[in-house]
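Raw contents of structure09.txt, compact mmCIF, C-alpha atoms:
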# COMPACT_ATOMS: atom_id res chain seq x y z
CA TYR A 234 -12.86 2.77 4.93
CA SER A 235 -11.75 3.90 1.48
CA HIS A 236 -9.25 6.19 3.23
CA ILE A 237 -7.63 3.14 4.78
CA LEU A 238 -7.31 1.64 1.31
CA SER A 239 -5.68 4.84 0.04
CA GLY A 240 -3.30 4.87 3.00
CA LEU A 241 -2.28 1.27 2.38
CA VAL A 242 -1.57 2.10 -1.27
CA GLY A 243 0.71 4.92 -0.08
CA VAL A 244 2.56 2.50 2.19
CA LEU A 245 2.92 0.05 -0.72
CA LEU A 246 4.34 2.70 -3.07
CA SER A 247 6.80 3.92 -0.43
CA ALA A 248 7.87 0.34 0.27
CA LEU A 249 8.51 -0.17 -3.46
CA VAL A 250 10.80 2.88 -3.46
CA VAL A 251 12.72 1.56 -0.44
CA PHE A 252 13.05 -1.85 -2.11
CA SER A 253 14.31 -0.22 -5.32
CA LEU A 254 16.89 1.90 -3.47
CA ILE A 255 18.16 -1.19 -1.63
CA LEU A 256 18.52 -3.14 -4.88
CA SER A 257 20.30 -0.23 -6.58
CA HIS A 258 22.77 0.63 -3.83
CA PHE A 259 23.50 -2.71 -2.18
CA MET A 260 23.08 -5.18 -5.03
CA ASN A 261 23.84 -2.92 -8.01
CA PHE A 262 20.69 -4.24 -9.70
CA ASN A 263 19.11 -1.85 -12.20
CA LEU A 264 16.81 -2.34 -15.15
CA SER A 265 15.56 0.33 -17.52
CA ILE A 266 13.40 0.65 -20.63
CA PHE A 267 14.36 3.47 -23.00
CA GLY A 268 16.23 5.16 -20.18
CA VAL A 269 13.35 4.95 -17.69
CA GLY A 270 13.84 2.72 -14.68
CA VAL A 271 11.64 -0.35 -14.34
CA ASP A 272 11.06 0.70 -10.74
CA SER A 273 9.60 4.04 -11.88
CA ILE A 274 7.37 2.26 -14.38
CA THR A 275 6.27 -0.16 -11.66
CA LEU A 276 5.29 2.78 -9.45
CA LEU A 277 3.13 4.29 -12.20
CA ILE A 278 1.42 0.99 -13.03
CA THR A 279 0.78 0.29 -9.34
CA TYR A 280 -0.71 3.77 -8.95
CA ILE A 281 -3.05 3.35 -11.93
CA ILE A 282 -4.25 -0.05 -10.74
CA SER A 283 -4.71 1.25 -7.20
CA VAL A 284 -6.70 4.31 -8.30
CA ARG A 285 -9.04 2.07 -10.28
CA MET A 286 -9.40 -0.22 -7.28
CA ILE A 287 -10.19 2.71 -4.96
CA TYR A 288 -12.69 4.09 -7.49
CA ARG A 289 -14.47 0.73 -7.75
CA TYR A 290 -14.57 0.45 -3.97
CA ASP A 291 -16.14 3.91 -3.67
CA GLN A 292 -18.70 2.97 -6.31
CA LYS A 293 -19.71 -0.08 -4.31
CA ASN A 294 -19.58 1.85 -1.03
CA PRO A 295 -20.59 5.43 -1.95
CA LEU A 296 -20.88 6.63 1.63
CA ASP A 297 -19.64 5.38 4.95
CA PRO A 298 -22.51 4.40 7.27
CA ASP A 299 -21.92 7.36 9.60
CA ASP A 300 -21.80 9.97 6.83
CA PRO A 301 -24.99 11.98 6.36
CA VAL A 302 -25.70 13.40 2.93
CA LYS A 303 -24.80 17.10 3.05
CA GLU A 304 -26.40 19.88 1.08
CA ASP A 305 -24.31 21.90 -1.36
CA PRO A 306 -22.96 24.91 0.63
CA ASN A 307 -22.59 26.93 -2.62
CA PRO A 308 -25.63 26.17 -4.78
CA ASP A 309 -24.95 29.18 -7.07
CA TYR A 310 -21.40 28.03 -7.87
CA THR A 311 -21.62 26.54 -11.38
CA LEU A 312 -19.44 23.75 -12.75
CA ASN A 313 -17.81 26.10 -15.29
CA LYS A 314 -16.82 28.52 -12.54
CA ALA A 315 -15.41 25.68 -10.48
CA LEU A 316 -13.36 24.32 -13.39
CA MET A 317 -12.07 27.78 -14.31
CA GLY A 318 -11.02 28.53 -10.74
CA PHE A 319 -9.36 25.12 -10.48
CA ALA A 320 -7.39 25.67 -13.71
CA ILE A 321 -6.18 29.14 -12.68
CA CYS A 322 -5.02 27.92 -9.27
CA ALA A 323 -3.25 24.96 -10.88
CA VAL A 324 -1.31 27.25 -13.27
CA VAL A 325 -0.20 29.46 -10.37
CA ILE A 326 0.99 26.42 -8.41
CA VAL A 327 2.95 25.07 -11.40
CA PHE A 328 4.77 28.37 -11.95
CA SER A 329 5.44 28.74 -8.23
CA GLY A 330 6.83 25.20 -8.06
CA TYR A 331 9.35 25.99 -10.81
CA ARG A 332 10.61 29.09 -9.01
CA LEU A 333 10.61 27.26 -5.69
CA THR A 334 13.00 24.62 -7.03
CA ILE A 335 15.48 27.26 -8.20
CA THR A 336 15.48 29.13 -4.89
CA ALA A 337 15.75 25.89 -2.91
CA ASP A 338 18.83 24.90 -4.91
CA GLN A 339 20.39 28.29 -4.12
CA ILE A 340 19.67 27.79 -0.41
CA SER A 341 21.40 24.41 -0.54
CA THR A 342 24.43 25.92 -2.30
CA LEU A 343 24.74 28.94 0.00
CA THR A 344 24.17 27.09 3.30
CA GLY A 345 26.07 23.91 2.43
CA ILE A 346 23.12 21.74 3.53
CA ASP A 347 22.62 18.64 1.41
CA GLN A 348 19.94 18.77 -1.29
CA SER A 349 18.31 15.64 0.16
CA PHE A 350 17.36 17.53 3.31
CA ILE A 351 16.29 20.65 1.41
CA GLY A 352 14.07 18.59 -0.88
CA SER A 353 12.67 16.22 1.75
CA ILE A 354 11.82 18.90 4.30
CA MET A 355 11.82 22.47 3.00
CA VAL A 356 10.59 21.97 -0.57
CA ALA A 357 8.18 19.23 0.51
CA ALA A 358 6.74 21.46 3.24
CA ALA A 359 6.39 24.43 0.88
CA THR A 360 4.68 22.40 -1.86
CA SER A 361 2.35 20.88 0.73
CA LEU A 362 1.05 24.27 1.89
CA PRO A 363 -1.73 24.32 -0.77
CA GLU A 364 -2.76 20.85 0.43
CA LEU A 365 -2.79 22.10 4.01
CA VAL A 366 -5.00 25.06 3.10
CA ALA A 367 -7.31 22.83 1.04
CA THR A 368 -7.57 20.33 3.89
CA ILE A 369 -8.39 23.00 6.50
CA SER A 370 -10.92 24.58 4.13
CA ALA A 371 -12.58 21.20 3.58
CA ILE A 372 -12.85 20.70 7.34
CA LYS A 373 -14.42 24.14 7.80
CA ILE A 374 -17.20 23.34 5.34
CA GLY A 375 -17.74 19.93 6.93
CA ALA A 376 -16.21 17.90 4.07
CA TYR A 377 -14.22 15.64 6.38
CA ASN A 378 -13.88 12.81 3.89
CA MET A 379 -12.51 15.24 1.31
CA ALA A 380 -9.97 16.50 3.85
CA VAL A 381 -8.66 13.04 4.71
CA GLY A 382 -8.86 11.92 1.08
CA ASN A 383 -6.76 14.91 0.03
CA VAL A 384 -3.98 13.90 2.41
CA PHE A 385 -3.84 10.27 1.36
CA GLY A 386 -4.55 11.00 -2.30
CA SER A 387 -1.76 13.55 -2.63
CA ASN A 388 0.57 11.12 -0.90
CA ILE A 389 0.05 8.34 -3.43
CA PHE A 390 0.01 10.71 -6.42
CA ASN A 391 3.32 12.25 -5.36
CA MET A 392 4.95 8.84 -5.71
CA THR A 393 4.11 8.83 -9.43
CA VAL A 394 6.12 12.04 -9.82
CA ILE A 395 9.18 9.77 -9.66
CA PHE A 396 8.16 8.26 -13.01
CA PHE A 397 7.73 11.64 -14.74
CA ALA A 398 10.97 12.93 -13.22
CA ASP A 399 12.72 9.81 -14.53
CA LEU A 400 11.42 10.60 -18.02
CA PHE A 401 13.27 13.94 -18.00
CA TYR A 402 16.36 12.60 -16.23
CA ARG A 403 18.73 11.71 -19.07
CA GLN A 404 21.92 11.09 -17.07
CA GLY A 405 20.80 7.60 -16.06
CA VAL A 406 18.09 6.01 -13.93
CA LEU A 407 16.69 8.36 -11.31
CA LEU A 408 16.40 6.06 -8.31
CA GLN A 409 19.75 4.48 -9.14
CA ASP A 410 21.47 7.86 -8.82
CA ALA A 411 19.39 9.04 -5.84
CA LYS A 412 21.19 9.07 -2.51
CA ILE A 413 20.61 6.23 -0.11
CA VAL A 414 19.46 8.72 2.54
CA HIS A 415 16.06 8.72 0.84
CA ILE A 416 15.48 5.28 2.35
CA LEU A 417 15.13 7.10 5.67
CA THR A 418 12.68 9.59 4.16
CA ALA A 419 10.49 6.82 2.74
CA THR A 420 10.70 4.79 5.96
CA VAL A 421 9.57 7.77 8.05
CA GLY A 422 6.63 8.20 5.68
CA ILE A 423 5.73 4.51 6.01
CA VAL A 424 5.83 4.67 9.83
CA MET A 425 3.69 7.83 9.91
CA ALA A 426 1.13 6.39 7.49
CA THR A 427 0.97 3.17 9.51
CA ILE A 428 0.28 5.11 12.72
CA ILE A 429 -2.54 7.06 11.05
CA LEU A 430 -4.01 3.87 9.58
CA ILE A 431 -4.01 2.25 13.02
CA GLY A 432 -5.82 5.34 14.30
CA LEU A 433 -8.44 5.01 11.55
CA PHE A 434 -9.00 1.38 12.45
CA TYR A 435 -9.07 1.86 16.21
CA ARG A 436 -11.00 5.17 16.23
CA SER A 437 -10.09 6.13 19.78
CA ARG A 438 -12.11 8.93 21.40
CA ARG A 439 -9.24 9.99 23.66
CA SER A 440 -7.34 13.15 22.83
CA PHE A 441 -4.73 15.52 24.19
CA MET A 442 -5.12 19.24 23.54
CA TRP A 443 -7.86 18.45 20.98
CA MET A 444 -5.50 16.14 19.07
CA GLY A 445 -5.76 12.40 18.72
CA TRP A 446 -2.92 10.30 20.04
CA ASP A 447 -2.30 8.92 16.56
CA ALA A 448 -1.76 12.45 15.21
CA ILE A 449 0.60 13.26 18.09
CA ALA A 450 2.59 10.06 17.51
CA ALA A 451 2.83 10.75 13.77
CA ALA A 452 4.06 14.30 14.47
CA ALA A 453 6.70 12.95 16.86
CA VAL A 454 7.94 10.53 14.20
CA TYR A 455 8.03 13.36 11.64
CA PHE A 456 10.15 15.68 13.79
CA ALA A 457 12.46 12.80 14.69
CA GLY A 458 12.86 12.13 10.97
CA VAL A 459 13.56 15.82 10.30
CA TYR A 460 16.33 15.78 12.90
CA LEU A 461 17.91 12.63 11.47
CA LEU A 462 17.72 13.95 7.91
CA PHE A 463 19.29 17.23 8.99
CA GLN A 464 22.18 15.44 10.68
CA LEU A 465 22.68 13.20 7.65
CA GLY A 466 22.47 16.24 5.37
CA LEU A 467 25.29 17.90 7.24
CA ASN A 468 27.42 14.76 7.06
CA VAL A 469 26.80 14.00 3.38
CA ILE A 470 28.64 17.13 2.19
Would you put the structure from the file into structure tokens?
Amino acid sequence: YSHILSGLVGVLLSALVVFSLILSHFMNFNLSIFGVGVDSITLLITYIISVRMIYRYDQKNPLDPDDPVKEDPNPDYTLNKALMGFAICAVVIVFSGYRLTITADQISTLTGIDQSFIGSIMVAAATSLPELVATISAIKIGAYNMAVGNVFGSNIFNMTVIFFADLFYRQGVLLQDAKIVHILTATVGIVMATIILIGLFYRSRRSFMWMGWDAIAAAAVYFAGVYLLFQLGLNVI
């Protein structure tokens, strides 16, 4: 059930962003410390506390009752090799992310589609491809908990990026200047996470085309959100 805890943390962080955007745009309420928004700082602190809480829960509950202890599929793979491979892949992803941002901005300029849509859908999908590959790879080797943990863990960590982005944003407070359309993005994420959490609680055995109904419902919400964001992106220009 630690995945449920991680999912709830993701919902909490997204809800904090929605609350901050509402305060900024409808009540003109903004607080900052040395140019960094209090909302961004709150996100980081909440993340740190939540990670510690999840870690302590996993220490008290090291394995779910239904999880058998699996043997190492790569016994000859040393820790040094694993760390080196991890570092190299991380460097490649960082460089690719920088170039991806530049090309995405050019796409927005040339097509006239709002940056909110480009960032929420295209850039987000592209940067999530490594997570998708890692998740599928984890499933193939039978590391199901790692696969689910990667999804929820990356979700909550991505919310802390707002704090680091706010550090480098010197024109004001990041969430104060962000467009109100991001409320829709965060709300779609909250609805999708809630559906998946309900699925984890209920654990239905029914499926359609080898997919659980919770996954199908979450996908439907996602594509509905993509359509709404696209329409708003066209109208924001």
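The residue that comes closest to Ile351 in chain A, out of A:Thr418, A:Gly445, A:Thr311, A:Asp399 and on the basis of all atoms listed in the file, is A:Thr418.
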*asked:* Which residues are near Leu264 in chain A? Cut-off 12 Å, all atoms listed in the file, ignore same chain within fewer than 2 positions. Put them as JSON, numbers by chain.
replied: {"A": [253, 256, 257, 261, 262, 266, 267, 268, 269, 270, 271, 272, 273, 274, 275, 405, 406, 407, 408, 409]}
Dump of C-alpha atoms for the selected residues, as an mmCIF file, keeping the file's coordinate frame:
data_model
loop_
_atom_site.group_PDB
_atom_site.id
_atom_site.type_symbol
_atom_site.label_atom_id
_atom_site.label_comp_id
_atom_site.auth_asym_id
_atom_site.auth_seq_id
_atom_site.Cartn_x
_atom_site.Cartn_y
_atom_site.Cartn_z
ATOM 1 C CA SER A 253 14.310 -0.220 -5.320
ATOM 2 C CA LEU A 256 18.520 -3.140 -4.880
ATOM 3 C CA SER A 257 20.300 -0.230 -6.580
ATOM 4 C CA ASN A 261 23.840 -2.920 -8.010
ATOM 5 C CA PHE A 262 20.690 -4.240 -9.700
ATOM 6 C CA ILE A 266 13.400 0.650 -20.630
ATOM 7 C CA PHE A 267 14.360 3.470 -23.000
ATOM 8 C CA GLY A 268 16.230 5.160 -20.180
ATOM 9 C CA VAL A 269 13.350 4.950 -17.690
ATOM 10 C CA GLY A 270 13.840 2.720 -14.680
ATOM 11 C CA VAL A 271 11.640 -0.350 -14.340
ATOM 12 C CA ASP A 272 11.060 0.700 -10.740
ATOM 13 C CA SER A 273 9.600 4.040 -11.880
ATOM 14 C CA ILE A 274 7.370 2.260 -14.380
ATOM 15 C CA THR A 275 6.270 -0.160 -11.660
ATOM 16 C CA GLY A 405 20.800 7.600 -16.060
ATOM 17 C CA VAL A 406 18.090 6.010 -13.930
ATOM 18 C CA LEU A 407 16.690 8.360 -11.310
ATOM 19 C CA LEU A 408 16.400 6.060 -8.310
ATOM 20 C CA GLN A 409 19.750 4.480 -9.140
#
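The coordinates place CA of Ile369 in chain A at 19.4 Å from CA of Trp446 in chain A.
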List every protein, DNA or RNA residue that has at least one atom no more than 10 Å from (-2.4, 2.7, 1.9) in the file's coordinates, counting only C-alpha atoms, and write the result as an mmCIF file with C-alpha atoms, keeping the file's coordinate frame.
data_model
loop_
_atom_site.group_PDB
_atom_site.id
_atom_site.type_symbol
_atom_site.label_atom_id
_atom_site.label_comp_id
_atom_site.auth_asym_id
_atom_site.auth_seq_id
_atom_site.Cartn_x
_atom_site.Cartn_y
_atom_site.Cartn_z
ATOM 1 C CA SER A 235 -11.750 3.900 1.480
ATOM 2 C CA HIS A 236 -9.250 6.190 3.230
ATOM 3 C CA ILE A 237 -7.630 3.140 4.780
ATOM 4 C CA LEU A 238 -7.310 1.640 1.310
ATOM 5 C CA SER A 239 -5.680 4.840 0.040
ATOM 6 C CA GLY A 240 -3.300 4.870 3.000
ATOM 7 C CA LEU A 241 -2.280 1.270 2.380
ATOM 8 C CA VAL A 242 -1.570 2.100 -1.270
ATOM 9 C CA GLY A 243 0.710 4.920 -0.080
ATOM 10 C CA VAL A 244 2.560 2.500 2.190
ATOM 11 C CA LEU A 245 2.920 0.050 -0.720
ATOM 12 C CA LEU A 246 4.340 2.700 -3.070
ATOM 13 C CA SER A 247 6.800 3.920 -0.430
ATOM 14 C CA SER A 283 -4.710 1.250 -7.200
ATOM 15 C CA PHE A 385 -3.840 10.270 1.360
ATOM 16 C CA GLY A 386 -4.550 11.000 -2.300
ATOM 17 C CA ASN A 388 0.570 11.120 -0.900
ATOM 18 C CA ILE A 389 0.050 8.340 -3.430
ATOM 19 C CA ILE A 423 5.730 4.510 6.010
ATOM 20 C CA ALA A 426 1.130 6.390 7.490
ATOM 21 C CA THR A 427 0.970 3.170 9.510
ATOM 22 C CA LEU A 430 -4.010 3.870 9.580
#
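One finds CA of Phe319 in chain A at 12.4 Å from CA of Pro363 in chain A.
Between CA of Tyr455 in chain A and CA of Val421 in chain A the separation is 6.8 Å.
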_Residue with smallest distance to Gly352 in chain A - pool A:Leu312, A:Phe463, A:Met286, A:Ile431, counting only C-alpha atoms_ = A:Phe463
Radius query 12 Å about (3.4, 15.3, -3.9), atoms used: all atoms listed in the file, as a short mmCIF file (atom, residue, chain, number, x, y, z; two decimals) with C-alpha atoms, in the frame of the given file:
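Output contents, as saved in out37.cif:
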data_model
loop_
_atom_site.label_atom_id
_atom_site.label_comp_id
_atom_site.auth_asym_id
_atom_site.auth_seq_id
_atom_site.Cartn_x
_atom_site.Cartn_y
_atom_site.Cartn_z
CA GLY A 243 0.71 4.92 -0.08
CA GLY A 330 6.83 25.20 -8.06
CA GLY A 352 14.07 18.59 -0.88
CA SER A 353 12.67 16.22 1.75
CA VAL A 356 10.59 21.97 -0.57
CA ALA A 357 8.18 19.23 0.51
CA ALA A 358 6.74 21.46 3.24
CA ALA A 359 6.39 24.43 0.88
CA THR A 360 4.68 22.40 -1.86
CA SER A 361 2.35 20.88 0.73
CA LEU A 362 1.05 24.27 1.89
CA PRO A 363 -1.73 24.32 -0.77
CA GLU A 364 -2.76 20.85 0.43
CA ASN A 383 -6.76 14.91 0.03
CA VAL A 384 -3.98 13.90 2.41
CA PHE A 385 -3.84 10.27 1.36
CA GLY A 386 -4.55 11.00 -2.30
CA SER A 387 -1.76 13.55 -2.63
CA ASN A 388 0.57 11.12 -0.90
CA ILE A 389 0.05 8.34 -3.43
CA PHE A 390 0.01 10.71 -6.42
CA ASN A 391 3.32 12.25 -5.36
CA MET A 392 4.95 8.84 -5.71
CA THR A 393 4.11 8.83 -9.43
CA VAL A 394 6.12 12.04 -9.82
CA ILE A 395 9.18 9.77 -9.66
#
_Using only C-alpha atoms, which protein or nucleic acid residues come within 10 Å of range 335-350 of chain A? Drop anything in the same chain fewer than 3 positions from it, and give the result as a list in words._
Gly330, Tyr331, Arg332, Ser353, Ile354, Met355, Val356, Ala357, Ala411, Lys412, Ile413, Val414, His415, Thr418, Val459, Tyr460, Leu461, Leu462, Phe463, Gln464, Leu465, Gly466, Leu467, Asn468, Val469 and Ile470 of chain A
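Of the residues under consideration (A:Met444, A:Ala367, A:Met260, A:Ala452), A:Ala367 shows the shortest atom-to-atom contact distance to Val381 in chain A when counting only C-alpha atoms.
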